[in-house]
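Novice: Have a peek at start-v7.pdb (PDB, C-alpha atoms, pLDDT in the B column).
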```
ATOM      1  CA  MET A 455      22.385 -12.645   9.772  1.00 94.00           C
ATOM      2  CA  ILE A 456      20.311 -15.658   8.889  1.00 98.00           C
ATOM      3  CA  VAL A 457      20.203 -15.865   5.106  1.00 98.00           C
ATOM      4  CA  HIS A 458      18.034 -18.013   2.841  1.00 98.00           C
ATOM      5  CA  VAL A 459      18.436 -18.291  -0.932  1.00 99.00           C
ATOM      6  CA  ILE A 460      15.453 -18.789  -3.253  1.00 98.00           C
ATOM      7  CA  ILE A 461      16.194 -20.192  -6.706  1.00 98.00           C
ATOM      8  CA  PRO A 462      13.282 -20.518  -9.160  1.00 98.00           C
ATOM      9  CA  ALA A 463      14.104 -23.324 -11.594  1.00 98.00           C
ATOM     10  CA  TYR A 464      12.432 -24.751 -14.675  1.00 97.00           C
ATOM     11  CA  ASN A 465      14.312 -27.534 -16.488  1.00 97.00           C
ATOM     12  CA  GLU A 466      17.747 -26.535 -15.188  1.00 97.00           C
ATOM     13  CA  GLU A 467      19.272 -29.970 -14.505  1.00 97.00           C
ATOM     14  CA  GLU A 468      22.475 -28.994 -16.350  1.00 97.00           C
ATOM     15  CA  SER A 469      23.069 -25.857 -14.318  1.00 98.00           C
ATOM     16  CA  ILE A 470      21.333 -26.049 -10.941  1.00 98.00           C
ATOM     17  CA  GLY A 471      24.094 -28.114  -9.333  1.00 98.00           C
ATOM     18  CA  LEU A 472      26.709 -25.588 -10.464  1.00 98.00           C
ATOM     19  CA  VAL A 473      24.695 -22.743  -8.953  1.00 98.00           C
ATOM     20  CA  ILE A 474      24.237 -24.486  -5.607  1.00 98.00           C
ATOM     21  CA  ASN A 475      27.889 -25.528  -5.398  1.00 98.00           C
ATOM     22  CA  ASP A 476      29.060 -21.919  -5.909  1.00 98.00           C
ATOM     23  CA  ILE A 477      26.894 -20.462  -3.129  1.00 98.00           C
ATOM     24  CA  PRO A 478      29.103 -19.571  -0.113  1.00 98.00           C
ATOM     25  CA  LYS A 479      27.817 -22.033   2.481  1.00 96.00           C
ATOM     26  CA  SER A 480      29.327 -20.035   5.344  1.00 97.00           C
ATOM     27  CA  LEU A 481      26.920 -17.178   4.547  1.00 98.00           C
ATOM     28  CA  VAL A 482      23.721 -19.129   3.894  1.00 98.00           C
ATOM     29  CA  SER A 483      21.666 -21.312   6.215  1.00 98.00           C
ATOM     30  CA  GLU A 484      19.307 -22.766   3.597  1.00 98.00           C
ATOM     31  CA  ILE A 485      19.067 -22.965  -0.193  1.00 98.00           C
ATOM     32  CA  ILE A 486      15.529 -23.338  -1.501  1.00 99.00           C
ATOM     33  CA  VAL A 487      15.050 -24.475  -5.087  1.00 98.00           C
ATOM     34  CA  CYS A 488      11.513 -23.866  -6.331  1.00 98.00           C
ATOM     35  CA  ASN A 489      10.977 -26.559  -8.933  1.00 98.00           C
ATOM     36  CA  ASN A 490       8.631 -24.930 -11.432  1.00 97.00           C
ATOM     37  CA  ASN A 491       6.987 -27.962 -13.051  1.00 95.00           C
ATOM     38  CA  SER A 492      10.257 -29.193 -14.565  1.00 97.00           C
ATOM     39  CA  SER A 493      10.133 -32.223 -16.845  1.00 97.00           C
ATOM     40  CA  ASP A 494      13.814 -33.082 -16.331  1.00 97.00           C
ATOM     41  CA  ASN A 495      15.898 -34.002 -13.263  1.00 98.00           C
ATOM     42  CA  THR A 496      16.167 -30.489 -11.816  1.00 98.00           C
ATOM     43  CA  SER A 497      14.652 -31.603  -8.507  1.00 98.00           C
ATOM     44  CA  LYS A 498      16.927 -34.635  -8.072  1.00 98.00           C
ATOM     45  CA  VAL A 499      20.088 -32.713  -8.963  1.00 98.00           C
ATOM     46  CA  ALA A 500      19.178 -29.888  -6.568  1.00 98.00           C
ATOM     47  CA  GLN A 501      18.493 -32.274  -3.694  1.00 98.00           C
ATOM     48  CA  LYS A 502      21.737 -34.131  -4.304  1.00 98.00           C
ATOM     49  CA  ALA A 503      23.600 -30.815  -4.176  1.00 98.00           C
ATOM     50  CA  GLY A 504      22.120 -30.106  -0.754  1.00 98.00           C
ATOM     51  CA  ALA A 505      19.179 -27.816  -1.472  1.00 98.00           C
ATOM     52  CA  THR A 506      15.664 -27.971  -0.103  1.00 98.00           C
ATOM     53  CA  VAL A 507      13.276 -28.490  -3.027  1.00 98.00           C
ATOM     54  CA  VAL A 508       9.718 -27.191  -3.028  1.00 98.00           C
ATOM     55  CA  ASP A 509       7.437 -27.906  -5.975  1.00 98.00           C
ATOM     56  CA  GLN A 510       5.387 -25.267  -7.744  1.00 98.00           C
ATOM     57  CA  PRO A 511       3.317 -26.876 -10.519  1.00 97.00           C
ATOM     58  CA  GLN A 512       1.934 -23.510 -11.645  1.00 96.00           C
ATOM     59  CA  LYS A 513       4.357 -22.280 -14.278  1.00 95.00           C
ATOM     60  CA  GLY A 514       5.816 -18.809 -13.984  1.00 96.00           C
ATOM     61  CA  TYR A 515       8.941 -17.183 -12.579  1.00 96.00           C
ATOM     62  CA  GLY A 516       6.973 -15.199 -10.030  1.00 97.00           C
ATOM     63  CA  SER A 517       4.902 -18.219  -9.054  1.00 98.00           C
ATOM     64  CA  ALA A 518       8.079 -20.107  -8.210  1.00 98.00           C
ATOM     65  CA  CYS A 519       9.427 -17.211  -6.147  1.00 98.00           C
ATOM     66  CA  LEU A 520       6.120 -16.882  -4.289  1.00 98.00           C
ATOM     67  CA  LYS A 521       6.222 -20.599  -3.453  1.00 98.00           C
ATOM     68  CA  GLY A 522       9.658 -20.110  -1.926  1.00 98.00           C
ATOM     69  CA  MET A 523       8.332 -17.229   0.158  1.00 98.00           C
ATOM     70  CA  GLU A 524       5.386 -19.355   1.274  1.00 98.00           C
ATOM     71  CA  TYR A 525       7.763 -22.099   2.400  1.00 98.00           C
ATOM     72  CA  ILE A 526       9.727 -19.609   4.504  1.00 98.00           C
ATOM     73  CA  ALA A 527       6.601 -17.983   5.941  1.00 98.00           C
ATOM     74  CA  ASN A 528       5.371 -21.354   7.185  1.00 98.00           C
ATOM     75  CA  LYS A 529       8.471 -21.839   9.316  1.00 98.00           C
ATOM     76  CA  PRO A 530       8.486 -20.963  13.016  1.00 98.00           C
ATOM     77  CA  ILE A 531       9.383 -17.282  13.459  1.00 97.00           C
ATOM     78  CA  SER A 532      12.663 -18.229  15.120  1.00 96.00           C
ATOM     79  CA  GLU A 533      13.739 -20.117  11.977  1.00 97.00           C
ATOM     80  CA  GLN A 534      12.814 -17.425   9.476  1.00 98.00           C
ATOM     81  CA  PRO A 535      15.690 -15.499   7.887  1.00 98.00           C
ATOM     82  CA  ASP A 536      16.809 -11.906   8.199  1.00 98.00           C
ATOM     83  CA  VAL A 537      17.580 -11.727   4.492  1.00 98.00           C
ATOM     84  CA  VAL A 538      16.406 -13.527   1.368  1.00 98.00           C
ATOM     85  CA  ILE A 539      18.554 -13.698  -1.747  1.00 99.00           C
ATOM     86  CA  PHE A 540      16.995 -14.421  -5.133  1.00 98.00           C
ATOM     87  CA  LEU A 541      19.219 -16.110  -7.678  1.00 97.00           C
ATOM     88  CA  ASP A 542      18.556 -17.647 -11.085  1.00 97.00           C
ATOM     89  CA  GLY A 543      19.119 -21.348 -11.666  1.00 97.00           C
ATOM     90  CA  ASP A 544      20.789 -21.083 -15.083  1.00 97.00           C
ATOM     91  CA  TYR A 545      24.321 -20.289 -13.825  1.00 97.00           C
ATOM     92  CA  SER A 546      24.396 -16.862 -15.481  1.00 97.00           C
ATOM     93  CA  ASP A 547      24.902 -15.132 -12.125  1.00 97.00           C
ATOM     94  CA  HIS A 548      27.968 -15.519  -9.925  1.00 98.00           C
ATOM     95  CA  PRO A 549      26.603 -16.729  -6.549  1.00 98.00           C
ATOM     96  CA  GLU A 550      29.840 -15.961  -4.719  1.00 97.00           C
ATOM     97  CA  GLU A 551      29.170 -12.242  -5.247  1.00 98.00           C
ATOM     98  CA  MET A 552      26.277 -12.315  -2.785  1.00 98.00           C
ATOM     99  CA  GLU A 553      28.771 -11.401  -0.064  1.00 98.00           C
ATOM    100  CA  GLY A 554      28.800  -7.821  -1.355  1.00 98.00           C
ATOM    101  CA  MET A 555      25.011  -7.640  -1.195  1.00 98.00           C
ATOM    102  CA  LEU A 556      24.902  -8.874   2.370  1.00 98.00           C
ATOM    103  CA  LYS A 557      27.596  -6.379   3.359  1.00 98.00           C
ATOM    104  CA  GLU A 558      25.380  -3.508   2.160  1.00 98.00           C
ATOM    105  CA  ILE A 559      22.494  -4.745   4.289  1.00 98.00           C
ATOM    106  CA  ALA A 560      24.609  -5.422   7.367  1.00 98.00           C
ATOM    107  CA  GLU A 561      26.757  -2.279   7.303  1.00 98.00           C
ATOM    108  CA  ASN A 562      24.545   0.315   5.606  1.00 97.00           C
ATOM    109  CA  ASP A 563      21.054  -0.890   6.579  1.00 97.00           C
ATOM    110  CA  VAL A 564      19.972  -1.201   2.934  1.00 98.00           C
ATOM    111  CA  ASP A 565      16.529  -2.788   2.451  1.00 98.00           C
ATOM    112  CA  LEU A 566      16.934  -4.034  -1.114  1.00 98.00           C
ATOM    113  CA  VAL A 567      20.172  -4.656  -3.001  1.00 98.00           C
ATOM    114  CA  ILE A 568      19.977  -5.202  -6.759  1.00 98.00           C
ATOM    115  CA  GLY A 569      22.855  -6.892  -8.532  1.00 98.00           C
ATOM    116  CA  SER A 570      23.308  -4.709 -11.610  1.00 98.00           C
ATOM    117  CA  ARG A 571      24.645  -6.386 -14.709  1.00 97.00           C
ATOM    118  CA  ALA A 572      24.757  -2.989 -16.404  1.00 95.00           C
ATOM    119  CA  LEU A 573      27.271  -1.720 -13.841  1.00 97.00           C
ATOM    120  CA  GLY A 574      29.269  -4.939 -13.673  1.00 97.00           C
ATOM    121  CA  ASN A 575      31.284  -7.230 -15.888  1.00 96.00           C
ATOM    122  CA  MET A 576      28.976  -8.822 -18.438  1.00 95.00           C
ATOM    123  CA  GLU A 577      30.238 -11.492 -20.808  1.00 96.00           C
ATOM    124  CA  SER A 578      29.678 -10.724 -24.475  1.00 93.00           C
ATOM    125  CA  GLY A 579      26.432 -12.296 -25.648  1.00 92.00           C
ATOM    126  CA  ALA A 580      25.153 -12.969 -22.125  1.00 94.00           C
ATOM    127  CA  MET A 581      22.190 -10.655 -22.744  1.00 92.00           C
ATOM    128  CA  MET A 582      20.308 -10.330 -25.997  1.00 88.00           C
ATOM    129  CA  PRO A 583      19.970  -6.803 -27.501  1.00 88.00           C
ATOM    130  CA  GLN A 584      16.238  -6.830 -26.755  1.00 85.00           C
ATOM    131  CA  GLN A 585      17.000  -7.559 -23.089  1.00 88.00           C
ATOM    132  CA  VAL A 586      19.437  -4.661 -22.880  1.00 90.00           C
ATOM    133  CA  PHE A 587      16.926  -2.298 -24.477  1.00 89.00           C
ATOM    134  CA  GLY A 588      14.078  -3.607 -22.321  1.00 88.00           C
ATOM    135  CA  ASN A 589      16.108  -3.041 -19.162  1.00 93.00           C
ATOM    136  CA  TRP A 590      16.967   0.495 -20.250  1.00 93.00           C
ATOM    137  CA  LEU A 591      13.329   1.317 -21.040  1.00 92.00           C
ATOM    138  CA  ALA A 592      11.982  -0.165 -17.808  1.00 95.00           C
ATOM    139  CA  THR A 593      14.543   1.545 -15.576  1.00 97.00           C
ATOM    140  CA  THR A 594      13.984   4.842 -17.389  1.00 96.00           C
ATOM    141  CA  LEU A 595      10.256   4.574 -16.680  1.00 96.00           C
ATOM    142  CA  LEU A 596      10.932   3.715 -13.035  1.00 97.00           C
ATOM    143  CA  LYS A 597      13.018   6.882 -12.797  1.00 96.00           C
ATOM    144  CA  LEU A 598      10.353   8.964 -14.548  1.00 97.00           C
ATOM    145  CA  PHE A 599       7.321   7.738 -12.618  1.00 96.00           C
ATOM    146  CA  TYR A 600       8.766   6.597  -9.276  1.00 95.00           C
ATOM    147  CA  ASN A 601      11.826   8.860  -9.018  1.00 95.00           C
ATOM    148  CA  TYR A 602      14.134   5.955  -8.194  1.00 96.00           C
ATOM    149  CA  GLN A 603      17.337   5.366 -10.092  1.00 96.00           C
ATOM    150  CA  PHE A 604      17.977   1.775 -11.192  1.00 98.00           C
ATOM    151  CA  THR A 605      20.141   0.521 -14.049  1.00 97.00           C
ATOM    152  CA  ASP A 606      18.911  -3.069 -14.209  1.00 97.00           C
ATOM    153  CA  LEU A 607      16.067  -5.462 -13.425  1.00 97.00           C
ATOM    154  CA  GLY A 608      18.620  -8.122 -12.566  1.00 95.00           C
ATOM    155  CA  PRO A 609      17.256 -11.286 -10.926  1.00 97.00           C
ATOM    156  CA  PHE A 610      20.219 -11.526  -8.508  1.00 98.00           C
ATOM    157  CA  ARG A 611      19.102  -9.519  -5.471  1.00 98.00           C
ATOM    158  CA  ALA A 612      18.982  -9.481  -1.688  1.00 98.00           C
ATOM    159  CA  ILE A 613      16.159  -8.121   0.439  1.00 98.00           C
ATOM    160  CA  LYS A 614      15.320  -8.040   4.127  1.00 98.00           C
ATOM    161  CA  TRP A 615      12.734 -10.718   4.846  1.00 98.00           C
ATOM    162  CA  ALA A 616      10.605  -8.387   6.975  1.00 98.00           C
ATOM    163  CA  VAL A 617      10.537  -5.906   4.099  1.00 98.00           C
ATOM    164  CA  LEU A 618       9.746  -8.552   1.504  1.00 98.00           C
ATOM    165  CA  LYS A 619       6.789  -9.856   3.515  1.00 97.00           C
ATOM    166  CA  ASN A 620       5.257  -6.387   3.562  1.00 97.00           C
ATOM    167  CA  LEU A 621       5.749  -5.538  -0.122  1.00 98.00           C
ATOM    168  CA  GLY A 622       2.638  -7.399  -1.269  1.00 97.00           C
ATOM    169  CA  MET A 623       4.355  -9.255  -4.102  1.00 98.00           C
ATOM    170  CA  GLU A 624       1.926 -11.045  -6.385  1.00 97.00           C
ATOM    171  CA  ASP A 625       3.143 -11.191  -9.983  1.00 96.00           C
ATOM    172  CA  PRO A 626       3.174 -14.818 -11.196  1.00 96.00           C
ATOM    173  CA  ASP A 627       5.558 -14.513 -14.120  1.00 92.00           C
ATOM    174  CA  PHE A 628       7.714 -12.042 -16.062  1.00 88.00           C
ATOM    175  CA  GLY A 629       6.844  -8.949 -14.036  1.00 94.00           C
ATOM    176  CA  TRP A 630       8.301 -10.228 -10.761  1.00 96.00           C
ATOM    177  CA  THR A 631      11.586  -8.297 -10.712  1.00 96.00           C
ATOM    178  CA  VAL A 632      10.182  -4.953 -11.841  1.00 97.00           C
ATOM    179  CA  GLU A 633       7.230  -5.340  -9.466  1.00 97.00           C
ATOM    180  CA  MET A 634       9.629  -5.650  -6.547  1.00 98.00           C
ATOM    181  CA  GLN A 635      11.519  -2.545  -7.596  1.00 98.00           C
ATOM    182  CA  ALA A 636       8.375  -0.507  -8.254  1.00 97.00           C
ATOM    183  CA  ARG A 637       6.853  -1.494  -4.906  1.00 98.00           C
ATOM    184  CA  ALA A 638      10.137  -0.731  -3.158  1.00 98.00           C
ATOM    185  CA  ALA A 639      10.203   2.715  -4.787  1.00 97.00           C
ATOM    186  CA  LYS A 640       6.594   3.431  -3.798  1.00 96.00           C
ATOM    187  CA  ALA A 641       7.406   2.447  -0.210  1.00 97.00           C
ATOM    188  CA  LYS A 642      10.486   4.738  -0.258  1.00 97.00           C
ATOM    189  CA  LEU A 643      12.747   1.878   0.762  1.00 98.00           C
ATOM    190  CA  ASN A 644      16.502   2.227   1.037  1.00 98.00           C
ATOM    191  CA  CYS A 645      17.612   0.598  -2.221  1.00 98.00           C
ATOM    192  CA  LYS A 646      21.063   0.229  -3.690  1.00 98.00           C
ATOM    193  CA  GLU A 647      22.635  -1.374  -6.732  1.00 98.00           C
ATOM    194  CA  ILE A 648      26.037  -3.018  -6.761  1.00 98.00           C
ATOM    195  CA  PRO A 649      27.930  -4.256  -9.833  1.00 98.00           C
ATOM    196  CA  VAL A 650      27.730  -7.995 -10.485  1.00 98.00           C
ATOM    197  CA  SER A 651      29.227 -10.259 -13.108  1.00 98.00           C
ATOM    198  CA  TYR A 652      27.070 -12.006 -15.674  1.00 97.00           C
ATOM    199  CA  ARG A 653      27.869 -14.847 -18.069  1.00 97.00           C
ATOM    200  CA  LYS A 654      26.099 -16.792 -20.788  1.00 95.00           C
ATOM    201  CA  ARG A 655      23.558 -19.089 -19.233  1.00 91.00           C
ATOM    202  CA  VAL A 656      23.807 -22.873 -19.379  1.00 90.00           C
ATOM    203  CA  GLY A 657      21.139 -24.114 -21.804  1.00 77.00           C
ATOM    204  CA  VAL A 658      18.539 -22.135 -23.758  1.00 73.00           C
ATOM    205  CA  SER A 659      16.667 -19.211 -22.207  1.00 68.00           C
ATOM    206  CA  LYS A 660      12.928 -19.759 -21.740  1.00 60.00           C
ATOM    207  CA  ILE A 661      12.261 -16.045 -22.241  1.00 56.00           C
ATOM    208  CA  SER A 662      14.829 -14.213 -24.349  1.00 51.00           C
ATOM    209  CA  GLY A 663      15.575 -17.333 -26.389  1.00 51.00           C
ATOM    210  CA  THR A 664      12.218 -17.076 -28.165  1.00 58.00           C
ATOM    211  CA  LEU A 665      10.422 -14.204 -29.901  1.00 60.00           C
ATOM    212  CA  LYS A 666       7.181 -15.020 -28.108  1.00 70.00           C
ATOM    213  CA  GLY A 667       8.884 -15.078 -24.711  1.00 67.00           C
ATOM    214  CA  THR A 668      10.611 -11.753 -25.362  1.00 73.00           C
ATOM    215  CA  VAL A 669       7.391 -10.027 -26.442  1.00 78.00           C
ATOM    216  CA  LEU A 670       5.391 -11.403 -23.521  1.00 78.00           C
ATOM    217  CA  ALA A 671       8.072 -10.451 -21.010  1.00 80.00           C
ATOM    218  CA  GLY A 672       8.387  -6.940 -22.404  1.00 83.00           C
ATOM    219  CA  HIS A 673       4.637  -6.388 -22.359  1.00 85.00           C
ATOM    220  CA  LYS A 674       4.302  -7.679 -18.799  1.00 89.00           C
ATOM    221  CA  ILE A 675       7.149  -5.537 -17.498  1.00 90.00           C
ATOM    222  CA  LEU A 676       5.682  -2.352 -18.951  1.00 90.00           C
ATOM    223  CA  TRP A 677       2.169  -3.257 -17.790  1.00 93.00           C
ATOM    224  CA  THR A 678       3.445  -3.860 -14.248  1.00 94.00           C
ATOM    225  CA  ILE A 679       5.157  -0.456 -14.094  1.00 94.00           C
ATOM    226  CA  PHE A 680       1.976   1.371 -15.057  1.00 93.00           C
ATOM    227  CA  LYS A 681      -0.334  -0.847 -12.989  1.00 92.00           C
ATOM    228  CA  LEU A 682       1.392   0.079  -9.745  1.00 94.00           C
ATOM    229  CA  LEU A 683       1.309   3.842 -10.283  1.00 87.00           C
TER     230      LEU A 683
END
```
Once more with this new file: its structure as C-alpha cells, please.

Specialist:
Amino acid sequence: MIVHVIIPAYNEEESIGLVINDIPKSLVSEIIVCNNNSSDNTSKVAQKAGATVVDQPQKGYGSACLKGMEYIANKPISEQPDVVIFLDGDYSDHPEEMEGMLKEIAENDVDLVIGSRALGNMESGAMMPQQVFGNWLATTLLKLFYNYQFTDLGPFRAIKWAVLKNLGMEDPDFGWTVEMQARAAKAKLNCKEIPVSYRKRVGVSKISGTLKGTVLAGHKILWTIFKLL
C-alpha cells in the first residue's frame, strides 16, 4: 500500500520532530505536516525532519486536515495514496503503532480504523476528565443515533483514500474527528477500533488546556453529531 500521513500542527516546534522521527519510514511514502498558522518554528523543524510542509493560514484543526487532503488530491492519480493516516503533532500518540491500523486495512478490508485510547494504554493525566466524559457522551450518541459502536474520537486514525475523498468532510475545527465517524456510520462503512497507547502531550493543549477551548470543542462535537442526522 501507498501510505501518506497528515499531521495538523499549530505551534508544535517542541514535539513535531519527535513525531516525525517515530513514524515507521518503511511503511510511509510521505509525511505531510499542515502548518496551521504557527508563530514558532514548527515549519522549519518539520522540514528538517523530512516532512513535506503545506501552510494553512486559516486556523482550525479541520482546516489543517482539509489542506492536507487538498495537497494529496492535487497530485497525479498515480502518486495518490491507498491509505491516509491522521496523527497529532503533539507527541501524545505513538506513531509506531500505525502498523496495526494498516494491517486491519490490508488483511480485513477495513475502511476506517480508529486508534482508541479508551481501549489502550493511556498514561495517567494524558486526558483531562472533561475529555474523557466528552468522548463517552459523543460515542454514546453515535451509538444511539447512528447504531455504530465507538469508544473514542481519537485523532490517530487510518482511512482508505478513496473512501475519505467520498465522505464529504468539511468541518474546519473541533468537529473534524466526530464528523468523520458520523459520516462513516451513515455510509455504513466497515469501521474498526484498535487499542493504542496515549501519553501526556509535549507543551500545553490548545483545546483541553483552557476552559474556553473545552467548552467550544464540546459544543461543536455535539452540534456536529446532530447536524448530520

Novice: Can you spell out as an MDAnalysis selection string the set of residues that the PyMOL selection byres ((chain A and resi 455-468) around 7) selects in the structure I just provided?

Specialist: chainID A and resid 469:470 481:496 499 515 518:519 522 535:544 656

Novice: Just to confirm, what's the straight-line distance from CA of Lys529 (chain A) to CA of Asp547 (chain A) in Å (one decimal)?

Specialist: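 Taking CA of Lys529 (chain A) as the start and CA of Asp547 (chain A) as the end point, the length is 27.8 Å.
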
Novice: Using only C-alpha atoms, find the one residue out of A:Asn575, A:Thr631, A:Gln534, A:Glu550 that sits nearest to Ala616 (chain A).

Specialist: A:Gln534

Novice: Let me know the centre plus edge lengths, in Å and rounded to one decimal, of a box with edges along x, y and z that contains all listed atoms of region 535-539 of chain A and is padded by 4 Å on every side, as lines of an AutoDock Vina configuration file.

Specialist:
```
center_x = 17.1
center_y = -13.6
center_z = 3.2
size_x = 10.9
size_y = 11.8
size_z = 17.9
```

Novice: Taking the file as shown, what set of residues would the PyMOL selection byres ((chain A and resi 606) around 10) give back, as a compact mmCIF listing (two decimals) with C-alpha atoms, keeping the file's coordinate frame?

Specialist:
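Result file result35.txt:
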```
# COMPACT_ATOMS: atom_id res chain seq x y z
CA ILE A 568 19.98 -5.20 -6.76
CA GLY A 569 22.86 -6.89 -8.53
CA SER A 570 23.31 -4.71 -11.61
CA ARG A 571 24.64 -6.39 -14.71
CA ALA A 572 24.76 -2.99 -16.40
CA LEU A 573 27.27 -1.72 -13.84
CA VAL A 586 19.44 -4.66 -22.88
CA GLY A 588 14.08 -3.61 -22.32
CA ASN A 589 16.11 -3.04 -19.16
CA TRP A 590 16.97 0.50 -20.25
CA LEU A 591 13.33 1.32 -21.04
CA ALA A 592 11.98 -0.16 -17.81
CA THR A 593 14.54 1.54 -15.58
CA THR A 594 13.98 4.84 -17.39
CA GLN A 603 17.34 5.37 -10.09
CA PHE A 604 17.98 1.78 -11.19
CA THR A 605 20.14 0.52 -14.05
CA LEU A 607 16.07 -5.46 -13.42
CA GLY A 608 18.62 -8.12 -12.57
CA PRO A 609 17.26 -11.29 -10.93
CA THR A 631 11.59 -8.30 -10.71
CA VAL A 632 10.18 -4.95 -11.84
CA GLN A 635 11.52 -2.54 -7.60
CA GLU A 647 22.64 -1.37 -6.73
```

Novice: Have a look at CA of Gly629 (chain A) and CA of Leu596 (chain A) and let me know their distance in Å, one decimal.

Specialist: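 Atom-to-atom, CA of Gly629 (chain A) to CA of Leu596 (chain A), that is 13.3 Å.
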
Novice: Any idea what the distance is between CA of Lys642 (chain A) and CA of Leu595 (chain A)?

Specialist: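 These two atoms are separated by 16.4 Å.
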
Novice: Could you check which of A:Asn475, A:Ile526, A:Arg655, A:Lys614 is closest to Met582 (chain A), using only C-alpha atoms?

Specialist: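 Checking each candidate against Met582 (chain A), we get A:Arg655 as the closest.
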
Novice: List, as an NGL selection string, every residue that the PyMOL selection byres ((chain A and resi 617) around 9) selects in the file provided.

Specialist: :A and (565-566 or 613-616 or 618-621 or 638 or 643)

Novice: Kindly indicate which residue among A:Gly672, A:Leu472, A:Lys479, A:Arg653 lies nearest to Phe587 (chain A), using all atoms listed in the file for the distances.

Specialist: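 Answer, going by the shortest atom-to-atom distance: A:Gly672.
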
Novice: Point out the residue among A:Lys597, A:Lys513, A:Lys498, A:His548 with the least atom-to-atom distance to Lys654 (chain A), counting only C-alpha atoms.

Specialist: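 So, comparing all the options, the nearest one is A:His548.
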
Novice: When you count all atoms listed in the file, which of these residues is closest to Gly574 (chain A): A:Ser546, A:Thr506, A:Asn528, A:Ser651?

Specialist: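 When distances to Gly574 (chain A) are compared using all atoms listed in the file, the smallest one comes from A:Ser651.
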
Novice: Tell me which of A:Val507, A:Met634, A:Val650, A:Ile474 sits closest to Met552 (chain A), counting only C-alpha atoms.

Specialist: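 For Met552 (chain A), the nearest of the given residues is A:Val650.
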